[in-house]
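One file, run-v5.pdb, is given below (PDB, C-alpha atoms, pLDDT in the B column).
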```
ATOM      1  CA  MET J   1     -15.281  -0.679  14.259  1.00 82.00           C
ATOM      2  CA  ARG J   2     -18.394  -2.812  14.623  1.00 83.00           C
ATOM      3  CA  HIS J   3     -19.155  -5.803  16.794  1.00 81.00           C
ATOM      4  CA  VAL J   4     -21.027  -8.808  15.416  1.00 86.00           C
ATOM      5  CA  GLN J   5     -21.788 -11.748  17.677  1.00 85.00           C
ATOM      6  CA  GLY J   6     -19.013 -10.688  20.035  1.00 86.00           C
ATOM      7  CA  ARG J   7     -16.385 -10.293  17.335  1.00 90.00           C
ATOM      8  CA  ALA J   8     -14.830  -6.959  16.477  1.00 94.00           C
ATOM      9  CA  ILE J   9     -14.762  -6.150  12.762  1.00 95.00           C
ATOM     10  CA  GLU J  10     -12.842  -3.194  11.396  1.00 96.00           C
ATOM     11  CA  ALA J  11     -12.774  -2.024   7.780  1.00 94.00           C
ATOM     12  CA  LEU J  12      -9.235  -1.269   6.633  1.00 93.00           C
ATOM     13  CA  PRO J  13      -8.247   1.254   3.948  1.00 88.00           C
ATOM     14  CA  ALA J  14      -7.335  -0.235   0.591  1.00 85.00           C
ATOM     15  CA  GLU J  15      -6.613   0.816  -2.965  1.00 81.00           C
ATOM     16  CA  HIS J  16      -8.205  -0.952  -5.912  1.00 79.00           C
ATOM     17  CA  SER J  17      -9.655  -0.128  -9.341  1.00 78.00           C
ATOM     18  CA  VAL J  18     -13.111   0.084  -7.725  1.00 81.00           C
ATOM     19  CA  PRO J  19     -13.982   1.098  -4.148  1.00 80.00           C
ATOM     20  CA  ALA J  20     -12.766  -1.625  -1.782  1.00 85.00           C
ATOM     21  CA  VAL J  21     -11.725  -2.280   1.792  1.00 89.00           C
ATOM     22  CA  GLY J  22      -9.858  -4.917   3.718  1.00 91.00           C
ATOM     23  CA  PHE J  23     -11.018  -6.285   7.059  1.00 94.00           C
ATOM     24  CA  ALA J  24      -9.565  -7.068  10.443  1.00 96.00           C
ATOM     25  CA  VAL J  25     -11.549  -9.456  12.640  1.00 96.00           C
ATOM     26  CA  ARG J  26     -10.876 -10.210  16.290  1.00 96.00           C
ATOM     27  CA  GLY J  27     -12.366 -12.987  18.385  1.00 89.00           C
ATOM     28  CA  PRO J  28     -14.571 -12.317  21.406  1.00 88.00           C
ATOM     29  CA  GLN J  29     -11.724 -11.717  23.873  1.00 89.00           C
ATOM     30  CA  ALA J  30     -10.424  -8.132  23.921  1.00 86.00           C
ATOM     31  CA  ASP J  31      -6.821  -9.369  23.842  1.00 91.00           C
ATOM     32  CA  ALA J  32      -7.409 -11.892  21.029  1.00 94.00           C
ATOM     33  CA  PRO J  33      -5.224 -11.511  17.932  1.00 96.00           C
ATOM     34  CA  TRP J  34      -6.631 -10.153  14.677  1.00 97.00           C
ATOM     35  CA  TRP J  35      -7.236 -12.040  11.433  1.00 96.00           C
ATOM     36  CA  VAL J  36      -6.568  -9.594   8.588  1.00 96.00           C
ATOM     37  CA  PHE J  37      -8.013  -9.968   5.085  1.00 94.00           C
ATOM     38  CA  SER J  38      -6.734  -7.561   2.456  1.00 90.00           C
ATOM     39  CA  GLY J  39      -9.346  -8.666  -0.044  1.00 73.00           C
ATOM     40  CA  ASP J  40      -9.136  -7.860  -3.715  1.00 68.00           C
ATOM     41  CA  THR J  41      -6.863  -4.964  -2.990  1.00 67.00           C
ATOM     42  CA  VAL J  42      -3.436  -3.478  -3.277  1.00 74.00           C
ATOM     43  CA  GLY J  43      -2.218  -2.465   0.153  1.00 66.00           C
ATOM     44  CA  SER J  44      -1.949   1.214   0.862  1.00 83.00           C
ATOM     45  CA  PRO J  45       0.353   2.916   3.362  1.00 89.00           C
ATOM     46  CA  ALA J  46      -2.685   3.507   5.601  1.00 91.00           C
ATOM     47  CA  PHE J  47      -3.544  -0.216   5.420  1.00 93.00           C
ATOM     48  CA  TRP J  48      -0.061  -1.249   6.582  1.00 93.00           C
ATOM     49  CA  GLN J  49       0.075   1.471   9.214  1.00 94.00           C
ATOM     50  CA  ARG J  50      -3.102   0.094  10.793  1.00 95.00           C
ATOM     51  CA  VAL J  51      -2.043  -3.565  10.403  1.00 95.00           C
ATOM     52  CA  ASN J  52       1.221  -2.786  12.199  1.00 96.00           C
ATOM     53  CA  GLN J  53      -0.792  -1.405  15.120  1.00 96.00           C
ATOM     54  CA  LEU J  54      -2.710  -4.679  15.514  1.00 96.00           C
ATOM     55  CA  HIS J  55      -1.670  -7.928  17.178  1.00 96.00           C
ATOM     56  CA  VAL J  56      -2.104  -9.984  13.975  1.00 97.00           C
ATOM     57  CA  HIS J  57      -2.717 -13.728  14.038  1.00 95.00           C
ATOM     58  CA  SER J  58      -2.619 -14.162  10.261  1.00 96.00           C
ATOM     59  CA  LEU J  59      -2.914 -12.182   7.047  1.00 96.00           C
ATOM     60  CA  VAL J  60      -4.821 -13.192   3.919  1.00 95.00           C
ATOM     61  CA  ILE J  61      -3.647 -11.298   0.838  1.00 95.00           C
ATOM     62  CA  GLU J  62      -4.305 -11.685  -2.863  1.00 93.00           C
ATOM     63  CA  THR J  63      -1.683 -12.269  -5.507  1.00 94.00           C
ATOM     64  CA  ALA J  64      -3.709 -12.586  -8.680  1.00 93.00           C
ATOM     65  CA  PHE J  65      -1.041 -12.477 -11.384  1.00 94.00           C
ATOM     66  CA  SER J  66       2.416 -13.912 -12.013  1.00 96.00           C
ATOM     67  CA  ASN J  67       5.407 -11.639 -12.538  1.00 96.00           C
ATOM     68  CA  GLY J  68       5.058 -12.271 -16.271  1.00 95.00           C
ATOM     69  CA  GLU J  69       1.780 -10.339 -16.102  1.00 94.00           C
ATOM     70  CA  ARG J  70       3.064  -7.667 -13.733  1.00 92.00           C
ATOM     71  CA  ALA J  71       1.926  -4.790 -15.989  1.00 93.00           C
ATOM     72  CA  LEU J  72      -1.625  -6.185 -16.174  1.00 91.00           C
ATOM     73  CA  ALA J  73      -1.640  -6.722 -12.404  1.00 90.00           C
ATOM     74  CA  GLN J  74      -0.576  -3.125 -11.860  1.00 88.00           C
ATOM     75  CA  LEU J  75      -3.253  -1.848 -14.254  1.00 87.00           C
ATOM     76  CA  ALA J  76      -5.943  -3.956 -12.534  1.00 87.00           C
ATOM     77  CA  ARG J  77      -4.661  -2.894  -9.070  1.00 87.00           C
ATOM     78  CA  HIS J  78      -3.796  -6.461  -8.104  1.00 91.00           C
ATOM     79  CA  LEU J  79      -0.576  -7.977  -6.859  1.00 93.00           C
ATOM     80  CA  SER J  80       2.086 -10.024  -8.581  1.00 94.00           C
ATOM     81  CA  PRO J  81       4.802 -11.752  -6.517  1.00 94.00           C
ATOM     82  CA  ALA J  82       7.169  -8.800  -7.064  1.00 92.00           C
ATOM     83  CA  ALA J  83       4.500  -6.341  -5.888  1.00 92.00           C
ATOM     84  CA  LEU J  84       3.649  -8.652  -2.979  1.00 92.00           C
ATOM     85  CA  ALA J  85       7.306  -8.535  -1.886  1.00 89.00           C
ATOM     86  CA  ASP J  86       7.121  -4.737  -1.782  1.00 88.00           C
ATOM     87  CA  GLN J  87       3.911  -4.896   0.241  1.00 90.00           C
ATOM     88  CA  LEU J  88       5.311  -7.413   2.746  1.00 90.00           C
ATOM     89  CA  ASP J  89       8.317  -5.155   3.316  1.00 87.00           C
ATOM     90  CA  GLN J  90       5.863  -2.780   5.003  1.00 89.00           C
ATOM     91  CA  ILE J  91       5.166  -5.249   7.821  1.00 91.00           C
ATOM     92  CA  ASP J  92       6.850  -4.197  11.053  1.00 90.00           C
ATOM     93  CA  PRO J  93      10.047  -6.308  11.154  1.00 85.00           C
ATOM     94  CA  ALA J  94       9.364  -7.184  14.798  1.00 87.00           C
ATOM     95  CA  ARG J  95       6.152  -8.967  13.788  1.00 90.00           C
ATOM     96  CA  ARG J  96       5.822 -12.417  12.283  1.00 90.00           C
ATOM     97  CA  TYR J  97       2.661 -14.321  11.394  1.00 94.00           C
ATOM     98  CA  PRO J  98       1.386 -16.666   8.664  1.00 95.00           C
ATOM     99  CA  ILE J  99       0.576 -15.033   5.335  1.00 95.00           C
ATOM    100  CA  TYR J 100      -2.015 -16.810   3.187  1.00 95.00           C
ATOM    101  CA  ILE J 101      -2.064 -16.163  -0.560  1.00 95.00           C
ATOM    102  CA  THR J 102      -5.481 -16.080  -2.246  1.00 92.00           C
ATOM    103  CA  HIS J 103      -7.145 -15.042  -5.490  1.00 91.00           C
ATOM    104  CA  THR J 104      -4.503 -16.611  -7.717  1.00 91.00           C
ATOM    105  CA  LYS J 105      -5.531 -17.233 -11.302  1.00 87.00           C
ATOM    106  CA  PRO J 106      -6.049 -21.031 -11.410  1.00 88.00           C
ATOM    107  CA  ALA J 107      -3.851 -21.564 -14.461  1.00 91.00           C
ATOM    108  CA  GLU J 108      -1.069 -19.544 -12.802  1.00 92.00           C
ATOM    109  CA  THR J 109      -1.218 -20.716  -9.176  1.00 93.00           C
ATOM    110  CA  GLU J 110       1.869 -22.947  -9.412  1.00 94.00           C
ATOM    111  CA  THR J 111       3.869 -20.218 -11.159  1.00 96.00           C
ATOM    112  CA  ILE J 112       2.750 -17.564  -8.680  1.00 95.00           C
ATOM    113  CA  MET J 113       3.610 -19.709  -5.646  1.00 93.00           C
ATOM    114  CA  ARG J 114       6.985 -20.634  -7.163  1.00 93.00           C
ATOM    115  CA  GLU J 115       7.760 -16.960  -7.804  1.00 94.00           C
ATOM    116  CA  ILE J 116       6.743 -16.096  -4.244  1.00 92.00           C
ATOM    117  CA  ALA J 117       9.005 -18.825  -2.863  1.00 87.00           C
ATOM    118  CA  GLN J 118      11.868 -17.534  -5.018  1.00 85.00           C
ATOM    119  CA  PHE J 119      11.584 -13.907  -3.874  1.00 79.00           C
ATOM    120  CA  ASP J 120      11.268 -14.993  -0.278  1.00 70.00           C
ATOM    121  CA  GLN J 121      14.492 -17.015  -0.533  1.00 66.00           C
ATOM    122  CA  VAL J 122      16.526 -14.646  -2.721  1.00 59.00           C
ATOM    123  CA  ARG J 123      15.276 -11.157  -1.911  1.00 55.00           C
ATOM    124  CA  PRO J 124      16.167 -10.560   1.722  1.00 55.00           C
ATOM    125  CA  PRO J 125      13.282  -9.337   3.821  1.00 50.00           C
ATOM    126  CA  ARG J 126      13.973  -6.766   6.513  1.00 49.00           C
ATOM    127  CA  ARG J 127      14.195  -9.554   9.095  1.00 51.00           C
ATOM    128  CA  GLU J 128      16.502 -12.544   9.239  1.00 56.00           C
ATOM    129  CA  ALA J 129      13.901 -15.284   8.613  1.00 58.00           C
ATOM    130  CA  ALA J 130      11.817 -15.658   5.480  1.00 73.00           C
ATOM    131  CA  HIS J 131       8.085 -14.968   5.677  1.00 83.00           C
ATOM    132  CA  ASP J 132       5.707 -17.757   6.659  1.00 88.00           C
ATOM    133  CA  ILE J 133       3.832 -17.835   3.330  1.00 91.00           C
ATOM    134  CA  ARG J 134       1.127 -20.439   2.724  1.00 90.00           C
ATOM    135  CA  TRP J 135      -1.466 -21.238   0.106  1.00 88.00           C
ATOM    136  CA  PRO J 136      -4.774 -22.388   1.634  1.00 88.00           C
ATOM    137  CA  SER J 137      -6.462 -25.293  -0.076  1.00 81.00           C
ATOM    138  CA  ALA J 138     -10.198 -25.798  -0.527  1.00 82.00           C
ATOM    139  CA  GLY J 139     -11.843 -26.436   2.815  1.00 85.00           C
ATOM    140  CA  HIS J 140      -9.232 -24.539   4.841  1.00 86.00           C
ATOM    141  CA  VAL J 141     -10.905 -23.116   7.949  1.00 86.00           C
ATOM    142  CA  PHE J 142      -9.737 -20.085   9.893  1.00 81.00           C
ATOM    143  CA  GLU J 143     -10.929 -20.147  13.503  1.00 77.00           C
ATOM    144  CA  LEU J 144     -11.291 -16.960  15.535  1.00 72.00           C
TER     145      LEU J 144
END
```
When written as structure tokens, how does the structure in this file appear?
Amino acid sequence: MRHVQGRAIEALPAEHSVPAVGFAVRGPQADAPWWVFSGDTVGSPAFWQRVNQLHVHSLVIETAFSNGERALAQLARHLSPAALADQLDQIDPARRYPIYITHTKPAETETIMREIAQFDQVRPPRREAAHDIRWPSAGHVFEL
């Protein structure tokens, strides 16, 4: 873990077609929650193990391909909504925080977000309530 201008930054293990990491960033207060960015990565068990140890404020995770391109997503080590559902099942069921979807292919964003909404309504997560899944728009600011 490193500290930059009072903020703690930790690289998180990730799996991708090229070397990659995710990041967890905490504000200046030692008890501040963490903002977690999975990056251009497929989550790994070690990633989720560490995330579940943190007091997470929000998670930013990529979902680059629709379910129709699931095989390509798997080959490229990216997520599709179905793969995202499997990843989100690794979140400790006692924890709940906003999940922001990024890195969607522009021509597929509507399809991807619709497929995510469908799995989150139909496929029961390990907790009673659906996930708090959002798609940030241009200009969205995360404050730490």
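Proximity to Ser80 in chain J was assessed for J:Met113, J:Arg50, J:Arg26, J:Arg134 counting only C-alpha atoms; the smallest distance is recorded for J:Met113.
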Query raised in the report: In Å to one decimal, how far is CA of Ile112 in chain J from CA of His78 in chain J?
Result: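 For CA of His78 in chain J relative to CA of Ile112 in chain J, the distance reads 12.9 Å.
For the residues J:Ala73, J:Val60, J:Leu79, J:Val51, ranking by smallest atom-to-atom distance to Ile91 in chain J using only C-alpha atoms places J:Val51 first.
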Requested in this report: For each of J:His16, J:Arg70, J:Arg114, J:His131, take the minimum atom-to-atom distance to Arg95 in chain J, counting all atoms listed in the file, then give the residue where this is smallest.
Outcome: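 For Arg95 in chain J, the nearest of the candidates is J:His131.
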Requested in this report: Check what the PyMOL selection byres ((chain J and resi 32-42) around 8) selects in the file above and give those residues as a PyMOL selection string.
Outcome: chain J and resi 12+14-16+20-31+43-44+51+54-62+77-79+103+144
Query raised in the report: So, counting all atoms listed in the file, which residue among J:Gln49, J:Val4, J:Ser66, J:Pro93 is closest to Glu110 in chain J?
Result: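 Ranked by minimum distance to Glu110 in chain J, first place goes to J:Ser66.
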Query - Separation of CA of Phe119 in chain J from CA of Thr63 in chain J, in Å and rounded to one decimal - result: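 The value is 13.5 Å.
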Query - Between CA of Ala46 in chain J and CA of Leu84 in chain J - distance in Å to one decimal - result: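 These two atoms are separated by 16.2 Å.
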Report task. Take the PyMOL selection byres ((chain J and resi 135) around 9), apply it to the structure above, and return the hits as JSON, numbers by chain. Result -> {"J": [99, 100, 101, 102, 113, 133, 134, 136, 137]}
Is there a way to complete range 65-89 of chain J with N, CA and C atoms and then write that out as a PDB file, keeping the file's coordinate frame?
```
ATOM      1  N   PHE J  65      -1.769 -12.302 -10.127  1.00 94.00           N
ATOM      2  CA  PHE J  65      -1.041 -12.477 -11.384  1.00 94.00           C
ATOM      3  C   PHE J  65       0.401 -12.876 -11.127  1.00 94.00           C
ATOM      4  N   SER J  66       0.993 -13.573 -12.081  1.00 96.00           N
ATOM      5  CA  SER J  66       2.416 -13.912 -12.013  1.00 96.00           C
ATOM      6  C   SER J  66       3.238 -12.676 -12.378  1.00 96.00           C
ATOM      7  N   ASN J  67       4.536 -12.759 -12.160  1.00 96.00           N
ATOM      8  CA  ASN J  67       5.407 -11.639 -12.538  1.00 96.00           C
ATOM      9  C   ASN J  67       5.403 -11.395 -14.043  1.00 96.00           C
ATOM     10  N   GLY J  68       5.143 -12.435 -14.826  1.00 95.00           N
ATOM     11  CA  GLY J  68       5.058 -12.271 -16.271  1.00 95.00           C
ATOM     12  C   GLY J  68       3.914 -11.363 -16.689  1.00 95.00           C
ATOM     13  N   GLU J  69       2.917 -11.216 -15.826  1.00 94.00           N
ATOM     14  CA  GLU J  69       1.780 -10.339 -16.102  1.00 94.00           C
ATOM     15  C   GLU J  69       1.749  -9.157 -15.129  1.00 94.00           C
ATOM     16  N   ARG J  70       2.927  -8.756 -14.706  1.00 92.00           N
ATOM     17  CA  ARG J  70       3.064  -7.667 -13.733  1.00 92.00           C
ATOM     18  C   ARG J  70       2.387  -6.382 -14.200  1.00 92.00           C
ATOM     19  N   ALA J  71       2.531  -6.026 -15.482  1.00 93.00           N
ATOM     20  CA  ALA J  71       1.926  -4.790 -15.989  1.00 93.00           C
ATOM     21  C   ALA J  71       0.398  -4.865 -15.910  1.00 93.00           C
ATOM     22  N   LEU J  72      -0.173  -6.012 -16.265  1.00 91.00           N
ATOM     23  CA  LEU J  72      -1.625  -6.185 -16.174  1.00 91.00           C
ATOM     24  C   LEU J  72      -2.066  -6.128 -14.709  1.00 91.00           C
ATOM     25  N   ALA J  73      -1.315  -6.751 -13.833  1.00 90.00           N
ATOM     26  CA  ALA J  73      -1.640  -6.722 -12.404  1.00 90.00           C
ATOM     27  C   ALA J  73      -1.660  -5.285 -11.900  1.00 90.00           C
ATOM     28  N   GLN J  74      -0.663  -4.518 -12.291  1.00 88.00           N
ATOM     29  CA  GLN J  74      -0.576  -3.125 -11.860  1.00 88.00           C
ATOM     30  C   GLN J  74      -1.769  -2.328 -12.393  1.00 88.00           C
ATOM     31  N   LEU J  75      -2.117  -2.535 -13.649  1.00 87.00           N
ATOM     32  CA  LEU J  75      -3.253  -1.848 -14.254  1.00 87.00           C
ATOM     33  C   LEU J  75      -4.556  -2.206 -13.539  1.00 87.00           C
ATOM     34  N   ALA J  76      -4.722  -3.477 -13.192  1.00 87.00           N
ATOM     35  CA  ALA J  76      -5.943  -3.956 -12.534  1.00 87.00           C
ATOM     36  C   ALA J  76      -5.932  -3.717 -11.025  1.00 87.00           C
ATOM     37  N   ARG J  77      -4.834  -3.162 -10.510  1.00 87.00           N
ATOM     38  CA  ARG J  77      -4.661  -2.894  -9.070  1.00 87.00           C
ATOM     39  C   ARG J  77      -4.696  -4.185  -8.261  1.00 87.00           C
ATOM     40  N   HIS J  78      -3.989  -5.187  -8.781  1.00 91.00           N
ATOM     41  CA  HIS J  78      -3.796  -6.461  -8.104  1.00 91.00           C
ATOM     42  C   HIS J  78      -2.308  -6.654  -7.863  1.00 91.00           C
ATOM     43  N   LEU J  79      -1.973  -7.692  -7.150  1.00 93.00           N
ATOM     44  CA  LEU J  79      -0.576  -7.977  -6.859  1.00 93.00           C
ATOM     45  C   LEU J  79      -0.014  -9.073  -7.740  1.00 93.00           C
ATOM     46  N   SER J  80       1.264  -8.954  -8.016  1.00 94.00           N
ATOM     47  CA  SER J  80       2.086 -10.024  -8.581  1.00 94.00           C
ATOM     48  C   SER J  80       3.082 -10.363  -7.474  1.00 94.00           C
ATOM     49  N   PRO J  81       3.828 -11.450  -7.563  1.00 94.00           N
ATOM     50  CA  PRO J  81       4.802 -11.752  -6.517  1.00 94.00           C
ATOM     51  C   PRO J  81       5.784 -10.610  -6.241  1.00 94.00           C
ATOM     52  N   ALA J  82       6.247  -9.923  -7.281  1.00 92.00           N
ATOM     53  CA  ALA J  82       7.169  -8.800  -7.064  1.00 92.00           C
ATOM     54  C   ALA J  82       6.483  -7.680  -6.275  1.00 92.00           C
ATOM     55  N   ALA J  83       5.242  -7.376  -6.614  1.00 92.00           N
ATOM     56  CA  ALA J  83       4.500  -6.341  -5.888  1.00 92.00           C
ATOM     57  C   ALA J  83       4.183  -6.812  -4.470  1.00 92.00           C
ATOM     58  N   LEU J  84       3.887  -8.097  -4.312  1.00 92.00           N
ATOM     59  CA  LEU J  84       3.649  -8.652  -2.979  1.00 92.00           C
ATOM     60  C   LEU J  84       4.884  -8.463  -2.105  1.00 92.00           C
ATOM     61  N   ALA J  85       6.067  -8.708  -2.649  1.00 89.00           N
ATOM     62  CA  ALA J  85       7.306  -8.535  -1.886  1.00 89.00           C
ATOM     63  C   ALA J  85       7.409  -7.104  -1.361  1.00 89.00           C
ATOM     64  N   ASP J  86       7.086  -6.134  -2.217  1.00 88.00           N
ATOM     65  CA  ASP J  86       7.121  -4.737  -1.782  1.00 88.00           C
ATOM     66  C   ASP J  86       6.109  -4.476  -0.668  1.00 88.00           C
ATOM     67  N   GLN J  87       4.930  -5.079  -0.790  1.00 90.00           N
ATOM     68  CA  GLN J  87       3.911  -4.896   0.241  1.00 90.00           C
ATOM     69  C   GLN J  87       4.360  -5.518   1.571  1.00 90.00           C
ATOM     70  N   LEU J  88       4.908  -6.727   1.515  1.00 90.00           N
ATOM     71  CA  LEU J  88       5.311  -7.413   2.746  1.00 90.00           C
ATOM     72  C   LEU J  88       6.461  -6.706   3.438  1.00 90.00           C
ATOM     73  N   ASP J  89       7.248  -5.940   2.699  1.00 87.00           N
ATOM     74  CA  ASP J  89       8.317  -5.155   3.316  1.00 87.00           C
ATOM     75  C   ASP J  89       7.765  -4.079   4.244  1.00 87.00           C
TER      76      ASP J  89
END
```
